[in-house]
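Single-structure report; data block below.
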Amino acid sequence: MIGLGRMGANMTQRLLSGGHSVVVYDRDADAMASSAAAGAKAVVSVPDLVNRLAPPRAVWVMLPAGAVTDAVIGELASLLDLGDAVIDGGNANYKDTMRRGEMLAQAGIHLLDAGTSGGVWGLVEGYSLMVGGDAETFARLEPIFQTLAPGEDKGYSHVGPTGAGHFTKMVHNGVEYALMQAYAEGFELLQAKQADFDLDLTAIGRTWQHGSVVRSWLLDLAVLALEADPGLESLSAYVDDSGEGRWTVNESVELAVPTPTITAALYQRFRSRQDEPFGARLLAALRNQFGGHAVREAGPQ
């Protein structure tokens, strides 16, 4: 039996379909109702969840990085018993994970950090799981990961000790940033020549999906987006970041390992959120100052 904290209905459904018995708790009533409708046993609190599980317990926590994860894992530390395990499937900073692992170990509780990738497609495609922690605990709970993964022998692995799972997922997300940026730049270049060559970007994307060295799932998703909105006119150019790209770049600085492509992709996201950025206006001012080059006045053009 697995206890889940804020895992989400799609992961709950996948576990239930694999024959696991699941108990869930979430502060969001709608999320609880969704998981319960899928067949999970919904409870009213974290202590209630722990009490419903038979030792040795496995509690999967799926929360945003930071204080809320600290609070919930701290609460679990006071409720769980020797030999129980916490699986942190959120995208936590690996340094925080190592600290939490040491704290839990003092109480004889194991922590597995499961870097999880798959997003909203996970229910259909399965999740890629990068798991850190004690090898014996991983072996005991491996059936959980096998059920969530794309297959019993693929899409998941034990990558190292506590913290290694979230570190691996951090790097994964950095790579994701760079790949997404490369597709974005390529399609923008195509779009800039669209009128001259009568280019059909959706058709080009579909062509690249088969046999091309740049085919990938991200390309498949780009094609889906273009099919739904060929000019992407319904979207703003604002691109957020969840934090893991920043952690990846910070880590590359600490380790003196160059990551120029990932770094540029992260900075492009920052730039996308700026309206008339100051730096660009200063560039215009400098060209005008030293060369008398024409500038555009602020305001509607």
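FYI, nothing fancy with the structure tokens labels: chains A, B, ... in order, residues from 1 per chain, ligands from 1 as they appear.
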
Quick one: everything within 8 Å of stretch 144-150 of chain A, counting only C-alpha atoms, minus sequence neighbours fewer than 5 positions away in the same chain. Send it as a PyMOL selection string. chain A and resi 11+14-15+18+20+125-129+155-156

For stretch 184-190 of chain A, work out the shell of residues within 10 Å, counting only C-alpha atoms and skipping chain neighbours fewer than 3 positions away, then give it as a PyMOL selection string. chain A and resi 178-181+193-195+197+199-202+204-205+222

Hey, can you spit out that residue selection with N, CA and C atoms as an mmCIF file, in the first residue's frame?
```
data_model
loop_
_atom_site.group_PDB
_atom_site.id
_atom_site.type_symbol
_atom_site.label_atom_id
_atom_site.label_comp_id
_atom_site.auth_asym_id
_atom_site.auth_seq_id
_atom_site.Cartn_x
_atom_site.Cartn_y
_atom_site.Cartn_z
ATOM 1 N N ALA A 178 17.587 23.795 -23.354
ATOM 2 C CA ALA A 178 18.386 24.018 -24.564
ATOM 3 C C ALA A 178 17.712 23.449 -25.799
ATOM 4 N N LEU A 179 17.132 22.261 -25.677
ATOM 5 C CA LEU A 179 16.448 21.640 -26.817
ATOM 6 C C LEU A 179 15.242 22.471 -27.248
ATOM 7 N N MET A 180 14.465 22.916 -26.280
ATOM 8 C CA MET A 180 13.302 23.737 -26.594
ATOM 9 C C MET A 180 13.714 25.033 -27.287
ATOM 10 N N GLN A 181 14.798 25.636 -26.804
ATOM 11 C CA GLN A 181 15.261 26.881 -27.407
ATOM 12 C C GLN A 181 15.726 26.669 -28.844
ATOM 13 N N LYS A 193 10.967 33.471 -43.155
ATOM 14 C CA LYS A 193 11.035 33.305 -44.617
ATOM 15 C C LYS A 193 9.743 32.713 -45.160
ATOM 16 N N GLN A 194 8.743 32.628 -44.319
ATOM 17 C CA GLN A 194 7.486 31.966 -44.670
ATOM 18 C C GLN A 194 6.824 32.607 -45.881
ATOM 19 N N ALA A 195 6.776 33.928 -45.926
ATOM 20 C CA ALA A 195 6.106 34.611 -47.035
ATOM 21 C C ALA A 195 6.842 34.413 -48.357
ATOM 22 N N PHE A 197 8.835 31.913 -49.342
ATOM 23 C CA PHE A 197 8.841 30.539 -49.841
ATOM 24 C C PHE A 197 7.503 29.823 -49.666
ATOM 25 N N LEU A 199 6.165 28.798 -46.926
ATOM 26 C CA LEU A 199 6.489 27.663 -46.061
ATOM 27 C C LEU A 199 5.301 27.289 -45.173
ATOM 28 N N ASP A 200 5.057 26.012 -45.077
ATOM 29 C CA ASP A 200 4.049 25.471 -44.175
ATOM 30 C C ASP A 200 4.794 24.874 -42.985
ATOM 31 N N LEU A 201 4.865 25.625 -41.896
ATOM 32 C CA LEU A 201 5.671 25.190 -40.757
ATOM 33 C C LEU A 201 5.174 23.880 -40.162
ATOM 34 N N THR A 202 3.861 23.690 -40.139
ATOM 35 C CA THR A 202 3.314 22.441 -39.602
ATOM 36 C C THR A 202 3.746 21.266 -40.456
ATOM 37 N N ILE A 204 6.374 21.077 -42.360
ATOM 38 C CA ILE A 204 7.812 20.877 -42.176
ATOM 39 C C ILE A 204 8.076 20.117 -40.884
ATOM 40 N N GLY A 205 7.366 20.502 -39.821
ATOM 41 C CA GLY A 205 7.514 19.783 -38.566
ATOM 42 C C GLY A 205 7.140 18.320 -38.702
ATOM 43 N N ALA A 222 5.756 20.200 -30.606
ATOM 44 C CA ALA A 222 5.755 21.421 -31.413
ATOM 45 C C ALA A 222 4.759 21.301 -32.562
#
```

Taking only C-alpha atoms into account, which of A:Ala285, A:Ala114, A:Ala182, A:Leu224 comes nearest A:Ala92? A:Ala114

Determine the nearest neighbour of A:Pro47 from the options A:Leu123, A:Val23, A:Met62, A:Leu76, counting only C-alpha atoms.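 Residue with the minimum atom-to-atom distance to A:Pro47: A:Leu76.
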
Could you give me the residues within stretch 119-235 of chain A that DSSP places in strand (DSSP E), as a ChimeraX atom specification? /A:128-132,156-160

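Going from atom CA of A:Gln274 over to atom CA of A:Ala294, you cover 22.9 Å.
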
Could you pull out the helix (DSSP H, G or I) residues of stretch 93-137 of chain A from DSSP and send them as a PyMOL selection string? chain A and resi 94-105+119-125+135-137

Preceding selection exported with C-alpha atoms as a PDB file, in the first residue's frame:
```
ATOM      1  CA  TYR A  94      19.330  18.185  -4.650  1.00  0.00           C
ATOM      2  CA  LYS A  95      21.195  19.964  -1.834  1.00  0.00           C
ATOM      3  CA  ASP A  96      17.928  20.301   0.092  1.00  0.00           C
ATOM      4  CA  THR A  97      17.236  16.639  -0.599  1.00  0.00           C
ATOM      5  CA  MET A  98      20.590  15.588   0.863  1.00  0.00           C
ATOM      6  CA  ARG A  99      19.845  17.641   3.995  1.00  0.00           C
ATOM      7  CA  ARG A 100      16.379  16.101   4.341  1.00  0.00           C
ATOM      8  CA  GLY A 101      17.812  12.633   3.814  1.00  0.00           C
ATOM      9  CA  GLU A 102      20.255  13.117   6.685  1.00  0.00           C
ATOM     10  CA  MET A 103      17.441  14.372   8.922  1.00  0.00           C
ATOM     11  CA  LEU A 104      15.228  11.367   8.158  1.00  0.00           C
ATOM     12  CA  ALA A 105      18.117   8.918   8.522  1.00  0.00           C
ATOM     13  CA  GLY A 119       4.157  15.944 -17.414  1.00  0.00           C
ATOM     14  CA  VAL A 120       0.545  15.685 -18.476  1.00  0.00           C
ATOM     15  CA  TRP A 121       1.393  12.843 -20.887  1.00  0.00           C
ATOM     16  CA  GLY A 122       2.632  10.575 -18.102  1.00  0.00           C
ATOM     17  CA  LEU A 123      -0.582   8.603 -17.752  1.00  0.00           C
ATOM     18  CA  VAL A 124      -0.390   7.512 -21.392  1.00  0.00           C
ATOM     19  CA  GLU A 125       3.363   7.395 -21.997  1.00  0.00           C
ATOM     20  CA  ALA A 135      19.855   0.648  -2.908  1.00  0.00           C
ATOM     21  CA  GLU A 136      18.031  -1.801  -0.630  1.00  0.00           C
ATOM     22  CA  THR A 137      15.081   0.557  -0.167  1.00  0.00           C
TER      23      THR A 137
END
```

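Residue nearest A:Leu266, chosen from A:Val175, A:Leu282, A:Ala298, A:Leu49 and counting only C-alpha atoms: A:Val175.
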
The distance between atom CA of A:Asn250 and atom CA of A:Val131 is 22.1 Å

Between atom CA of A:Pro161 and atom CA of A:Val24 - distance in Å to one decimal: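 Interatomic distance here is 27.0 Å.
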
Just checking: using only C-alpha atoms, which residue out of A:Gln209, A:Ser234, A:Ser242, A:Asn10 ends up closest to A:Phe270?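 Among A:Gln209, A:Ser234, A:Ser242, A:Asn10, it is A:Ser242 that comes nearest to A:Phe270.
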
For A:Leu141, which residue among A:Glu227, A:Glu244, A:Asp84, A:Glu233 is the nearest when counting only C-alpha atoms?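 Among the listed residues, A:Asp84 lies closest to A:Leu141.
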
Nearest-residue call for A:Arg52, choices A:Leu82, A:Ala31, A:Tyr25, A:Gly66, using only C-alpha atoms: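 Going through A:Leu82, A:Ala31, A:Tyr25, A:Gly66 one by one, the smallest distance to A:Arg52 is for A:Tyr25.
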